[in-house]
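Participant: The structure file final08.cif (mmCIF, C-alpha atoms and all ligand atoms) is provided below.
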```
data_my_file
loop_
_atom_site.group_PDB
_atom_site.id
_atom_site.type_symbol
_atom_site.label_atom_id
_atom_site.label_comp_id
_atom_site.auth_asym_id
_atom_site.auth_seq_id
_atom_site.Cartn_x
_atom_site.Cartn_y
_atom_site.Cartn_z
ATOM 1 C CA MET Q 194 -25.919 75.677 -3.044
ATOM 2 C CA GLU Q 195 -24.653 72.480 -1.359
ATOM 3 C CA GLU Q 196 -26.774 70.944 1.370
ATOM 4 C CA LEU Q 197 -26.546 72.879 4.617
ATOM 5 C CA LYS Q 198 -26.827 71.116 7.973
ATOM 6 C CA ASN Q 199 -26.535 74.023 10.368
ATOM 7 C CA LEU Q 200 -28.215 76.832 8.482
ATOM 8 C CA HIS Q 201 -31.747 77.313 7.282
ATOM 9 C CA ILE Q 202 -32.083 79.549 4.249
ATOM 10 C CA GLU Q 203 -35.264 81.266 3.170
ATOM 11 C CA LYS Q 204 -35.779 83.894 0.491
ATOM 12 C CA ARG Q 205 -38.603 86.373 1.054
ATOM 13 C CA ASP Q 206 -38.986 88.559 -2.000
ATOM 14 C CA GLU Q 207 -35.389 89.621 -2.531
ATOM 15 C CA ILE Q 208 -34.279 89.283 1.088
ATOM 16 C CA LEU Q 209 -32.279 86.235 2.197
ATOM 17 C CA ILE Q 210 -33.015 85.068 5.747
ATOM 18 C CA VAL Q 211 -30.148 82.968 7.119
ATOM 19 C CA THR Q 212 -30.966 81.158 10.368
ATOM 20 C CA ILE Q 213 -28.268 79.417 12.368
ATOM 21 C CA GLN Q 214 -29.903 76.276 13.672
ATOM 22 C CA ARG Q 215 -27.971 74.325 16.294
ATOM 23 C CA GLU Q 216 -30.501 74.867 19.021
ATOM 24 C CA PRO Q 217 -29.260 72.107 21.396
ATOM 25 C CA ALA Q 218 -25.900 73.968 21.563
ATOM 26 C CA LEU Q 219 -27.575 77.408 21.645
ATOM 27 C CA ASN Q 220 -26.526 77.890 18.001
ATOM 28 C CA ALA Q 221 -22.820 77.883 18.960
ATOM 29 C CA LEU Q 222 -20.463 78.265 16.026
ATOM 30 C CA ASN Q 223 -18.641 75.031 15.286
ATOM 31 C CA ARG Q 224 -16.290 74.695 12.330
ATOM 32 C CA GLU Q 225 -18.983 73.235 10.078
ATOM 33 C CA THR Q 226 -21.311 76.176 10.756
ATOM 34 C CA LEU Q 227 -18.536 78.651 9.975
ATOM 35 C CA ASP Q 228 -17.865 76.798 6.701
ATOM 36 C CA GLU Q 229 -21.540 76.892 5.787
ATOM 37 C CA LEU Q 230 -21.766 80.611 6.580
ATOM 38 C CA ASP Q 231 -18.739 81.113 4.353
ATOM 39 C CA THR Q 232 -20.405 79.212 1.510
ATOM 40 C CA VAL Q 233 -23.613 81.219 1.793
ATOM 41 C CA PHE Q 234 -21.990 84.631 2.183
ATOM 42 C CA SER Q 235 -19.548 83.951 -0.680
ATOM 43 C CA GLU Q 236 -22.452 83.612 -3.116
ATOM 44 C CA ILE Q 237 -24.527 86.646 -2.105
ATOM 45 C CA ASP Q 238 -22.508 89.414 -3.761
ATOM 46 C CA ASP Q 239 -22.772 87.760 -7.181
ATOM 47 C CA ASP Q 240 -26.485 87.059 -6.925
ATOM 48 C CA PRO Q 241 -28.452 90.053 -8.244
ATOM 49 C CA SER Q 242 -31.688 88.530 -6.985
ATOM 50 C CA ILE Q 243 -30.583 89.123 -3.365
ATOM 51 C CA LYS Q 244 -30.885 92.718 -2.135
ATOM 52 C CA GLY Q 245 -30.244 92.221 1.575
ATOM 53 C CA VAL Q 246 -29.687 89.623 4.279
ATOM 54 C CA ILE Q 247 -31.100 88.948 7.726
ATOM 55 C CA LEU Q 248 -28.957 86.752 9.962
ATOM 56 C CA THR Q 249 -30.652 85.258 13.003
ATOM 57 C CA GLY Q 250 -30.654 82.261 15.333
ATOM 58 C CA ALA Q 251 -33.177 79.430 15.613
ATOM 59 C CA GLY Q 252 -35.498 79.402 18.623
ATOM 60 C CA GLU Q 253 -36.192 81.950 21.302
ATOM 61 C CA LYS Q 254 -33.129 81.483 23.511
ATOM 62 C CA ALA Q 255 -30.015 82.247 21.526
ATOM 63 C CA PHE Q 256 -28.777 84.141 18.518
ATOM 64 C CA VAL Q 257 -25.372 82.468 18.916
ATOM 65 C CA ALA Q 258 -23.907 81.543 22.343
ATOM 66 C CA GLY Q 259 -20.347 81.814 21.054
ATOM 67 C CA ALA Q 260 -17.780 79.655 19.382
ATOM 68 C CA ASP Q 261 -18.407 75.995 20.154
ATOM 69 C CA ILE Q 262 -16.541 75.517 23.431
ATOM 70 C CA LYS Q 263 -16.594 71.706 23.175
ATOM 71 C CA GLU Q 264 -14.828 71.921 19.838
ATOM 72 C CA PHE Q 265 -12.228 74.526 20.669
ATOM 73 C CA SER Q 266 -11.312 73.387 24.182
ATOM 74 C CA GLN Q 267 -8.441 71.376 22.627
ATOM 75 C CA VAL Q 268 -7.014 74.291 20.657
ATOM 76 C CA ASN Q 269 -3.337 75.143 21.208
ATOM 77 C CA GLU Q 270 -1.137 78.152 20.458
ATOM 78 C CA VAL Q 271 -0.556 77.121 16.843
ATOM 79 C CA ASN Q 272 -4.038 76.181 15.704
ATOM 80 C CA GLY Q 273 -5.489 78.939 17.936
ATOM 81 C CA ARG Q 274 -4.035 81.461 15.521
ATOM 82 C CA SER Q 275 -5.564 79.762 12.489
ATOM 83 C CA MET Q 276 -8.891 79.507 14.311
ATOM 84 C CA ALA Q 277 -8.879 83.271 14.969
ATOM 85 C CA GLU Q 278 -7.767 84.082 11.431
ATOM 86 C CA ARG Q 279 -10.434 81.789 9.952
ATOM 87 C CA GLY Q 280 -13.179 83.534 11.952
ATOM 88 C CA GLN Q 281 -11.811 87.005 11.255
ATOM 89 C CA GLU Q 282 -11.711 86.329 7.525
ATOM 90 C CA LEU Q 283 -15.324 85.153 7.440
ATOM 91 C CA PHE Q 284 -16.603 88.021 9.585
ATOM 92 C CA GLU Q 285 -14.737 90.508 7.404
ATOM 93 C CA LYS Q 286 -16.400 88.946 4.355
ATOM 94 C CA ILE Q 287 -19.774 89.651 5.970
ATOM 95 C CA GLU Q 288 -18.779 93.204 6.911
ATOM 96 C CA ARG Q 289 -17.532 93.859 3.383
ATOM 97 C CA LEU Q 290 -20.601 92.477 1.622
ATOM 98 C CA SER Q 291 -21.987 95.002 -0.848
ATOM 99 C CA LYS Q 292 -25.537 94.300 0.334
ATOM 100 C CA PRO Q 293 -26.887 95.233 3.758
ATOM 101 C CA VAL Q 294 -26.766 92.543 6.426
ATOM 102 C CA ILE Q 295 -28.929 92.873 9.532
ATOM 103 C CA ALA Q 296 -28.273 90.779 12.628
ATOM 104 C CA ALA Q 297 -31.662 90.016 14.163
ATOM 105 C CA VAL Q 298 -30.595 89.097 17.683
ATOM 106 C CA ASN Q 299 -33.228 86.804 19.156
ATOM 107 C CA GLY Q 300 -31.485 85.836 22.430
ATOM 108 C CA PHE Q 301 -27.951 85.322 23.753
ATOM 109 C CA ALA Q 302 -25.279 86.915 21.548
ATOM 110 C CA LEU Q 303 -22.169 85.917 23.435
ATOM 111 C CA GLY Q 304 -18.518 85.675 22.480
ATOM 112 C CA GLY Q 305 -18.328 84.765 18.785
ATOM 113 C CA GLY Q 306 -22.084 85.407 18.611
ATOM 114 C CA CYS Q 307 -21.689 89.007 19.706
ATOM 115 C CA GLU Q 308 -18.726 89.305 17.326
ATOM 116 C CA LEU Q 309 -20.838 87.918 14.476
ATOM 117 C CA ALA Q 310 -23.623 90.422 15.213
ATOM 118 C CA MET Q 311 -21.046 93.240 15.282
ATOM 119 C CA ALA Q 312 -19.709 92.198 11.865
ATOM 120 C CA CYS Q 313 -23.196 92.742 10.418
ATOM 121 C CA HIS Q 314 -24.039 96.234 9.178
ATOM 122 C CA ILE Q 315 -27.029 96.790 11.469
ATOM 123 C CA ARG Q 316 -28.150 95.054 14.648
ATOM 124 C CA ILE Q 317 -31.660 94.879 15.993
ATOM 125 C CA ALA Q 318 -32.656 92.874 19.040
ATOM 126 C CA VAL Q 319 -35.600 91.383 20.796
ATOM 127 C CA LYS Q 320 -35.984 92.875 24.283
ATOM 128 C CA THR Q 321 -34.918 89.619 25.986
ATOM 129 C CA ALA Q 322 -31.605 89.476 24.060
ATOM 130 C CA LYS Q 323 -28.350 89.501 25.991
ATOM 131 C CA PHE Q 324 -24.947 90.590 24.718
ATOM 132 C CA GLY Q 325 -21.509 89.881 26.097
ATOM 133 C CA GLN Q 326 -17.914 88.860 25.527
ATOM 134 C CA PRO Q 327 -17.338 86.245 28.235
ATOM 135 C CA GLU Q 328 -14.102 84.842 26.755
ATOM 136 C CA ILE Q 329 -12.043 86.121 29.694
ATOM 137 C CA ASN Q 330 -13.927 83.665 31.911
ATOM 138 C CA LEU Q 331 -12.344 80.889 29.815
ATOM 139 C CA GLY Q 332 -8.899 82.450 30.075
ATOM 140 C CA ILE Q 333 -8.890 83.711 26.484
ATOM 141 C CA ILE Q 334 -9.845 86.843 24.576
ATOM 142 C CA PRO Q 335 -12.292 87.478 21.726
ATOM 143 C CA GLY Q 336 -10.612 86.256 18.535
ATOM 144 C CA TYR Q 337 -13.135 87.016 15.783
ATOM 145 C CA GLY Q 338 -12.638 90.792 15.728
ATOM 146 C CA GLY Q 339 -14.416 91.565 19.004
ATOM 147 C CA THR Q 340 -11.690 93.743 20.508
ATOM 148 C CA GLN Q 341 -11.776 95.926 17.407
ATOM 149 C CA ARG Q 342 -15.478 96.110 16.543
ATOM 150 C CA MET Q 343 -16.702 96.483 20.136
ATOM 151 C CA THR Q 344 -14.317 99.422 20.618
ATOM 152 C CA ARG Q 345 -15.593 101.122 17.473
ATOM 153 C CA LEU Q 346 -19.221 100.612 18.366
ATOM 154 C CA VAL Q 347 -19.305 101.494 22.069
ATOM 155 C CA GLY Q 348 -16.028 103.363 22.616
ATOM 156 C CA LYS Q 349 -12.798 102.324 24.315
ATOM 157 C CA GLY Q 350 -13.726 102.710 27.988
ATOM 158 C CA LYS Q 351 -16.940 100.691 27.792
ATOM 159 C CA ALA Q 352 -15.350 98.075 25.518
ATOM 160 C CA ILE Q 353 -12.534 97.516 27.994
ATOM 161 C CA GLU Q 354 -15.013 97.249 30.866
ATOM 162 C CA LEU Q 355 -17.252 94.766 29.006
ATOM 163 C CA LEU Q 356 -14.376 92.570 27.822
ATOM 164 C CA LEU Q 357 -12.515 92.546 31.156
ATOM 165 C CA THR Q 358 -15.555 91.941 33.381
ATOM 166 C CA ALA Q 359 -17.388 89.598 30.962
ATOM 167 C CA ASP Q 360 -20.587 91.332 32.107
ATOM 168 C CA MET Q 361 -23.670 90.532 30.063
ATOM 169 C CA ILE Q 362 -25.849 93.458 29.048
ATOM 170 C CA ASP Q 363 -29.517 93.393 28.104
ATOM 171 C CA ALA Q 364 -30.987 94.766 24.893
ATOM 172 C CA GLU Q 365 -31.947 98.144 26.414
ATOM 173 C CA GLU Q 366 -28.382 98.678 27.641
ATOM 174 C CA ALA Q 367 -27.074 97.560 24.217
ATOM 175 C CA TYR Q 368 -29.358 100.184 22.686
ATOM 176 C CA ARG Q 369 -28.059 102.887 25.052
ATOM 177 C CA LEU Q 370 -24.505 101.922 24.076
ATOM 178 C CA ARG Q 371 -25.421 102.054 20.359
ATOM 179 C CA LEU Q 372 -24.605 98.408 19.935
ATOM 180 C CA VAL Q 373 -28.122 97.892 18.528
ATOM 181 C CA ASN Q 374 -30.295 100.214 16.437
ATOM 182 C CA TYR Q 375 -33.699 99.001 17.654
ATOM 183 C CA VAL Q 376 -35.160 96.902 20.448
ATOM 184 C CA CYS Q 377 -38.336 94.996 19.557
ATOM 185 C CA GLU Q 378 -41.058 93.415 21.709
ATOM 186 C CA SER Q 379 -40.989 89.967 20.085
ATOM 187 C CA LYS Q 380 -39.112 87.858 17.566
ATOM 188 C CA ASP Q 381 -41.889 88.420 15.013
ATOM 189 C CA SER Q 382 -41.824 92.205 15.391
ATOM 190 C CA MET Q 383 -38.017 92.134 15.169
ATOM 191 C CA MET Q 384 -38.182 90.222 11.867
ATOM 192 C CA ASP Q 385 -40.813 92.678 10.599
ATOM 193 C CA LYS Q 386 -38.530 95.594 11.517
ATOM 194 C CA ALA Q 387 -35.553 93.987 9.747
ATOM 195 C CA LEU Q 388 -37.657 93.379 6.632
ATOM 196 C CA GLU Q 389 -39.006 96.940 6.755
ATOM 197 C CA ILE Q 390 -35.452 98.351 6.771
ATOM 198 C CA LEU Q 391 -34.239 96.063 3.983
ATOM 199 C CA ASN Q 392 -37.336 96.593 1.852
ATOM 200 C CA LYS Q 393 -36.657 100.321 2.028
ATOM 201 C CA ILE Q 394 -32.990 99.869 1.048
ATOM 202 C CA LYS Q 395 -33.792 97.497 -1.812
ATOM 203 C CA GLU Q 396 -35.520 100.344 -3.667
ATOM 204 C CA LYS Q 397 -32.246 102.328 -3.728
ATOM 205 C CA ALA Q 398 -29.530 102.230 -6.385
ATOM 206 C CA PRO Q 399 -27.599 98.966 -5.729
ATOM 207 C CA ILE Q 400 -24.191 100.315 -6.771
ATOM 208 C CA ALA Q 401 -24.567 103.300 -4.427
ATOM 209 C CA VAL Q 402 -25.706 100.976 -1.609
ATOM 210 C CA GLY Q 403 -22.551 98.880 -1.989
ATOM 211 C CA LEU Q 404 -20.298 101.903 -2.224
ATOM 212 C CA ILE Q 405 -21.762 103.526 0.896
ATOM 213 C CA ILE Q 406 -21.043 100.333 2.845
ATOM 214 C CA ASP Q 407 -17.558 100.231 1.335
ATOM 215 C CA SER Q 408 -16.815 103.872 2.171
ATOM 216 C CA ILE Q 409 -18.078 103.584 5.757
ATOM 217 C CA ASN Q 410 -16.025 100.417 6.212
ATOM 218 C CA ALA Q 411 -12.948 102.375 5.080
ATOM 219 C CA VAL Q 412 -13.005 104.238 8.418
ATOM 220 C CA HIS Q 413 -12.231 100.941 10.071
ATOM 221 C CA THR Q 414 -9.525 99.681 7.781
ATOM 222 C CA SER Q 415 -6.003 100.563 8.766
ATOM 223 C CA GLY Q 416 -3.968 102.254 6.089
ATOM 224 C CA GLU Q 417 -7.004 103.232 4.015
ATOM 225 C CA ASN Q 418 -7.836 106.904 3.515
ATOM 226 C CA GLY Q 419 -11.609 107.055 3.948
ATOM 227 C CA TYR Q 420 -11.961 110.391 2.155
ATOM 228 C CA GLN Q 421 -10.093 108.967 -0.820
ATOM 229 C CA THR Q 422 -12.296 105.864 -0.811
ATOM 230 C CA GLU Q 423 -15.371 108.096 -0.647
ATOM 231 C CA ALA Q 424 -14.203 110.301 -3.532
ATOM 232 C CA ASN Q 425 -13.459 107.229 -5.671
ATOM 233 C CA ALA Q 426 -16.848 105.760 -4.836
ATOM 234 C CA PHE Q 427 -18.633 109.050 -5.545
ATOM 235 C CA SER Q 428 -16.959 109.293 -8.929
ATOM 236 C CA LYS Q 429 -17.907 105.687 -9.735
ATOM 237 C CA CYS Q 430 -21.565 106.452 -8.916
ATOM 238 C CA CYS Q 431 -21.475 109.479 -11.225
ATOM 239 C CA GLY Q 432 -20.717 107.166 -14.155
ATOM 240 C CA THR Q 433 -23.714 104.879 -13.600
ATOM 241 C CA GLN Q 434 -27.053 104.613 -15.408
ATOM 242 C CA ASP Q 435 -28.694 104.750 -12.002
ATOM 243 C CA PHE Q 436 -27.256 108.211 -11.329
ATOM 244 C CA LYS Q 437 -28.733 109.418 -14.626
ATOM 245 C CA GLU Q 438 -32.036 107.766 -13.750
ATOM 246 C CA GLY Q 439 -32.065 109.162 -10.184
ATOM 247 C CA THR Q 440 -31.475 112.755 -11.233
ATOM 248 C CA GLN Q 441 -33.815 112.484 -14.237
ATOM 249 C CA ALA Q 442 -36.590 111.015 -12.101
ATOM 250 C CA PHE Q 443 -36.218 113.864 -9.594
ATOM 251 C CA LEU Q 444 -36.497 116.452 -12.344
ATOM 252 C CA GLU Q 445 -39.506 114.666 -13.861
ATOM 253 C CA LYS Q 446 -41.110 114.361 -10.395
ATOM 254 C CA ARG Q 447 -41.413 110.561 -10.584
ATOM 255 C CA LYS Q 448 -40.089 107.566 -8.646
ATOM 256 C CA PRO Q 449 -36.710 106.361 -9.969
ATOM 257 C CA ASN Q 450 -36.394 102.890 -11.387
ATOM 258 C CA PHE Q 451 -32.863 101.738 -10.504
ATOM 259 C CA ILE Q 452 -31.357 98.814 -12.402
ATOM 260 C CA GLY Q 453 -27.975 98.400 -10.714
ATOM 261 C CA GLU Q 454 -25.946 99.589 -13.688
HETATM 262 N N1 LIG S 1 -20.415 76.094 22.906
HETATM 263 C C1 LIG S 1 -20.896 74.834 22.976
HETATM 264 N N2 LIG S 1 -22.009 74.507 23.626
HETATM 265 C C2 LIG S 1 -22.673 75.495 24.225
HETATM 266 C C3 LIG S 1 -22.247 76.837 24.202
HETATM 267 C C4 LIG S 1 -21.048 77.118 23.507
HETATM 268 N N3 LIG S 1 -20.576 78.355 23.391
HETATM 269 N N4 LIG S 1 -23.111 77.593 24.920
HETATM 270 C C5 LIG S 1 -24.052 76.741 25.363
HETATM 271 N N5 LIG S 1 -23.806 75.499 24.955
HETATM 272 C C6 LIG S 1 -24.570 74.285 25.224
HETATM 273 C C7 LIG S 1 -24.419 73.827 26.675
HETATM 274 O O1 LIG S 1 -23.229 73.083 26.831
HETATM 275 C C8 LIG S 1 -25.663 73.023 26.864
HETATM 276 O O2 LIG S 1 -25.474 71.763 26.276
HETATM 277 P P1 LIG S 1 -25.902 70.401 27.045
HETATM 278 O O3 LIG S 1 -27.401 70.506 27.160
HETATM 279 O O4 LIG S 1 -25.445 69.316 26.122
HETATM 280 O O5 LIG S 1 -25.225 70.446 28.367
HETATM 281 C C9 LIG S 1 -26.703 73.761 26.042
HETATM 282 O O6 LIG S 1 -25.963 74.563 25.115
HETATM 283 C C10 LIG S 1 -27.584 74.695 26.846
HETATM 284 O O7 LIG S 1 -26.742 75.545 27.605
HETATM 285 P P2 LIG S 1 -26.886 75.756 29.175
HETATM 286 O O8 LIG S 1 -25.591 76.282 29.699
HETATM 287 O O9 LIG S 1 -27.418 74.520 29.832
HETATM 288 O O10 LIG S 1 -28.024 76.884 29.215
HETATM 289 P P3 LIG S 1 -28.234 77.991 30.329
HETATM 290 O O11 LIG S 1 -29.550 78.607 30.037
HETATM 291 O O12 LIG S 1 -28.012 77.423 31.689
HETATM 292 O O13 LIG S 1 -27.077 79.071 30.075
HETATM 293 C C11 LIG S 1 -25.639 80.479 28.737
HETATM 294 C C12 LIG S 1 -27.030 79.795 28.872
HETATM 295 C C13 LIG S 1 -25.606 81.093 27.334
HETATM 296 C C14 LIG S 1 -25.500 81.575 29.780
HETATM 297 C C15 LIG S 1 -24.536 79.438 28.901
HETATM 298 O O14 LIG S 1 -24.812 78.345 28.041
HETATM 299 C C16 LIG S 1 -23.159 79.920 28.587
HETATM 300 O O15 LIG S 1 -22.566 80.630 29.393
HETATM 301 N N6 LIG S 1 -22.606 79.527 27.407
HETATM 302 C C17 LIG S 1 -21.267 79.833 27.041
HETATM 303 C C18 LIG S 1 -21.136 81.255 26.589
HETATM 304 C C19 LIG S 1 -19.705 81.579 26.268
HETATM 305 O O16 LIG S 1 -18.821 81.552 27.119
HETATM 306 N N7 LIG S 1 -19.483 81.915 25.004
HETATM 307 C C20 LIG S 1 -18.200 82.352 24.544
HETATM 308 C C21 LIG S 1 -17.425 81.239 24.007
HETATM 309 S S1 LIG S 1 -15.882 81.844 23.426
#
```
Using the file provided, produce a representation of the structure as structure tokens.
Ligand code: COA
Facilitator:
Amino acid sequence: MEELKNLHIEKRDEILIVTIQREPALNALNRETLDELDTVFSEIDDDPSIKGVILTGAGEKAFVAGADIKEFSQVNEVNGRSMAERGQELFEKIERLSKPVIAAVNGFALGGGCELAMACHIRIAVKTAKFGQPEINLGIIPGYGGTQRMTRLVGKGKAIELLLTADMIDAEEAYRLRLVNYVCESKDSMMDKALEILNKIKEKAPIAVGLIIDSINAVHTSGENGYQTEANAFSKCCGTQDFKEGTQAFLEKRKPNFIGE
């Protein structure tokens, strides 16, 4: 992997911990950080030694405080479209990863930061975290999928309220709205919770893990018939070694040993 300036990468057992580290700018997403995220996330699917990913922000204050406002303040109608499409493409890559990605939200998740967390498969937050889509205060709208993913996660009425008022919500409110799965006391306990979830998933059959993510994502993809996707995925699982192993292990009353084939 090429040298990364804005990300810190650590592998703990088979879990990759990706930390966005631009603390002086509250980990805001500039172009270089987006490129580095793209590089890292492009390599994960093909790396069998990685079973799951935790995405978090450096420090105690911010997960990601949005797209880098200094950088995009000069954007116009033409390059604004490519900026949105660039972000959407990357966030879709994360959402479509065949391995679980947990956003561990350690502080402000605003604008593009909230959108990035929503593109992850699961979100957990420290109790001091704050979520919001304040783009309207800048005279723009969320452009990295926020109008779509927020609506799916919290429902249309609440999404419209949050995006039009730019109100920030705390972690407990995010939990009530089902934007996050768990609220943790501290950054350390949040990381422990994320690792606990991923360590549980890494024992499962990898092909089935990927196909569950794929089938659930199908709900959100226009033009795709989710039931069809599910049936195709189910049939694919039935042809795997791991399916044979899983059923055999059950019958022999032992723990299955999945190999991802
Ligand atoms: N892009 C670029 N820089 C950002 C940033 C962003 N999205 N968010 C924060 N920063 C920078 C600030 O400019 C400041 O830099 P400086 O020290 O060089 O002046 C530094 O991070 C600290 O931010 P500051 O505003 O001083 O901290 P705060 O505690 O007073 O407020 C926030 C924290 C998150 C409420 C506030 O920074 C904020 O509203 N940020 C913008 C959020 C936003 O609108 N995001 C959506 C963008 S589309």
Participant: Kindly provide the residues of chain Q that approach ligand LIG 1 (chain S) to within 7 Å, each paired with its closest atom pair and their distance in Å to one decimal, based on only C-alpha atoms and all ligand atoms, listed by chain and increasing number, as a tab-separated table.
Facilitator:
```
residue	atom	partner	partner_atom	distance
Q:Pro217	CA	S:LIG1	O6	5.5
Q:Ala218	CA	S:LIG1	O6	3.6
Q:Leu219	CA	S:LIG1	O6	4.8
Q:Ala221	CA	S:LIG1	C4	4.9
Q:Ala258	CA	S:LIG1	N3	4.7
Q:Gly259	CA	S:LIG1	N7	4.0
Q:Ala260	CA	S:LIG1	C21	4.9
Q:Asp261	CA	S:LIG1	N1	3.4
Q:Ile262	CA	S:LIG1	N1	4.0
Q:Lys263	CA	S:LIG1	C1	5.3
Q:Phe301	CA	S:LIG1	C13	6.0
Q:Leu303	CA	S:LIG1	N7	5.1
Q:Gly304	CA	S:LIG1	C20	3.9
Q:Gly305	CA	S:LIG1	S1	6.0
Q:Gln326	CA	S:LIG1	C20	6.6
Q:Pro327	CA	S:LIG1	O16	5.0
Q:Glu328	CA	S:LIG1	S1	4.8
Q:Pro335	CA	S:LIG1	S1	6.9
```
Participant: What does the PyMOL selection byres (((chain Q and resi 247) around 9) and not hetatm) select in this file, as a PDB file with C-alpha atoms, in the frame of the given file?
Facilitator:
```
ATOM      1  CA  ILE Q 208     -34.279  89.283   1.088  1.00  0.00           C
ATOM      2  CA  LEU Q 209     -32.279  86.235   2.197  1.00  0.00           C
ATOM      3  CA  ILE Q 210     -33.015  85.068   5.747  1.00  0.00           C
ATOM      4  CA  VAL Q 211     -30.148  82.968   7.119  1.00  0.00           C
ATOM      5  CA  THR Q 212     -30.966  81.158  10.368  1.00  0.00           C
ATOM      6  CA  GLY Q 245     -30.244  92.221   1.575  1.00  0.00           C
ATOM      7  CA  VAL Q 246     -29.687  89.623   4.279  1.00  0.00           C
ATOM      8  CA  LEU Q 248     -28.957  86.752   9.962  1.00  0.00           C
ATOM      9  CA  THR Q 249     -30.652  85.258  13.003  1.00  0.00           C
ATOM     10  CA  PRO Q 293     -26.887  95.233   3.758  1.00  0.00           C
ATOM     11  CA  VAL Q 294     -26.766  92.543   6.426  1.00  0.00           C
ATOM     12  CA  ILE Q 295     -28.929  92.873   9.532  1.00  0.00           C
ATOM     13  CA  ALA Q 296     -28.273  90.779  12.628  1.00  0.00           C
ATOM     14  CA  ALA Q 297     -31.662  90.016  14.163  1.00  0.00           C
ATOM     15  CA  MET Q 384     -38.182  90.222  11.867  1.00  0.00           C
ATOM     16  CA  ALA Q 387     -35.553  93.987   9.747  1.00  0.00           C
ATOM     17  CA  LEU Q 388     -37.657  93.379   6.632  1.00  0.00           C
ATOM     18  CA  LEU Q 391     -34.239  96.063   3.983  1.00  0.00           C
TER      19      LEU Q 391
END
```
Participant: How many Å lie between CA of Gly403 in chain Q and CA of Gly439 in chain Q, rounded to one decimal?
Facilitator: 16.2 Å
Participant: Residues at most 9 Å from Ser242 in chain Q, counting only C-alpha atoms, excluding those fewer than 5 positions away in the same chain, as a PyMOL selection string?
Facilitator: chain Q and resi 206-208+237
Participant: Rounded to one decimal in Å, what is the spacing between CA of Glu378 in chain Q and CA of Glu365 in chain Q?
Facilitator: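 Distance reported for this atom pair: 11.3 Å.
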Participant: Counting all atoms listed in the file, which residue out of Q:Leu404, Q:Val373, Q:Ile287, Q:Leu346 sits closest to Val319 in chain Q?
Facilitator: Q:Val373
Participant: Looking at Q:Ile202, Q:Leu372, Q:Val268, Q:Ile329, which one is nearest to Thr358 in chain Q, with distances taken over all atoms listed in the file?
Facilitator: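 Using all atoms listed in the file, Thr358 in chain Q sits closest to Q:Ile329.
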Participant: List the neighbours of Gly273 in chain Q out to 12 Å using all atoms listed in the file; skip same-chain residues closer than 3 positions along the sequence, and give me the result as a count of residues only.
Facilitator: 17
Participant: Let me know the residues the PyMOL selection byres (((chain Q and resi 406) around 10) and not hetatm) catches in the file above, as a list in words.
Facilitator: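 Taken on the displayed file, the PyMOL selection byres (((chain Q and resi 406) around 10) and not hetatm) yields the residues Glu288, Arg289, Leu290, Ser291, Lys292, Pro293, His314, Ala401, Val402, Gly403, Leu404, Ile405, Asp407, Ser408, Ile409, Asn410 and Ala411 of chain Q.
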Participant: Evaluate the PyMOL selection byres (((chain Q and resi 435) around 7) and not hetatm) here and jot the selected residues down as JSON, numbers by chain.
Facilitator: {"Q": [398, 433, 434, 436, 437, 438, 439, 451, 452, 453, 454]}
Participant: Interatomic distance between CA of Ser415 in chain Q and CA of Leu283 in chain Q?
Facilitator: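 Going from CA of Ser415 in chain Q over to CA of Leu283 in chain Q covers 18.1 Å.
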Participant: Here is a test: counting all atoms listed in the file, which residue of Q:Gly252, Q:Pro449, Q:Gly419, Q:Gly325 is nearest to Ala364 in chain Q?
Facilitator: Q:Gly325
Participant: Determine, counting all atoms listed in the file, which protein, DNA and RNA residues have an atom within 12 Å of an atom of Glu225 in chain Q; residues of the same chain fewer than 5 positions away are not included. Present the result as an NGL selection string.
Facilitator: :Q and (196-200 or 213-215 or 220 or 230-232 or 260-261 or 264 or 280)
Participant: Do a neighbour search on Phe284 in chain Q at 8 Å with all atoms listed in the file, toss out local chain neighbours closer than 6 positions, and write the hits as number ranges by chain.
Facilitator: Q: 309, 312, 337-338
Participant: For Asn330 in chain Q, work out the shell of residues within 10 Å, counting all atoms listed in the file and skipping chain neighbours fewer than 5 positions away, then give it as a PyMOL selection string.
Facilitator: chain Q and resi 356-359
Participant: Please rebuild range 357-361 of chain Q with N, CA, C and O atoms and give the result as a short mmCIF file (atom, residue, chain, number, x, y, z; two decimals), keeping the file's coordinate frame.
Facilitator:
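Final file, result29.cif:
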```
data_model
loop_
_atom_site.label_atom_id
_atom_site.label_comp_id
_atom_site.auth_asym_id
_atom_site.auth_seq_id
_atom_site.Cartn_x
_atom_site.Cartn_y
_atom_site.Cartn_z
N LEU Q 357 -13.27 92.99 29.97
CA LEU Q 357 -12.52 92.55 31.16
C LEU Q 357 -13.42 91.97 32.24
O LEU Q 357 -13.00 91.08 32.99
N THR Q 358 -14.66 92.47 32.34
CA THR Q 358 -15.56 91.94 33.38
C THR Q 358 -16.37 90.76 32.89
O THR Q 358 -16.92 90.01 33.70
N ALA Q 359 -16.52 90.62 31.58
CA ALA Q 359 -17.39 89.60 30.96
C ALA Q 359 -18.86 89.84 31.31
O ALA Q 359 -19.69 88.95 31.14
N ASP Q 360 -19.19 91.03 31.76
CA ASP Q 360 -20.59 91.33 32.11
C ASP Q 360 -21.49 91.19 30.90
O ASP Q 360 -21.14 91.62 29.79
N MET Q 361 -22.66 90.61 31.13
CA MET Q 361 -23.67 90.53 30.06
C MET Q 361 -24.55 91.77 30.17
O MET Q 361 -24.89 92.18 31.28
#
```
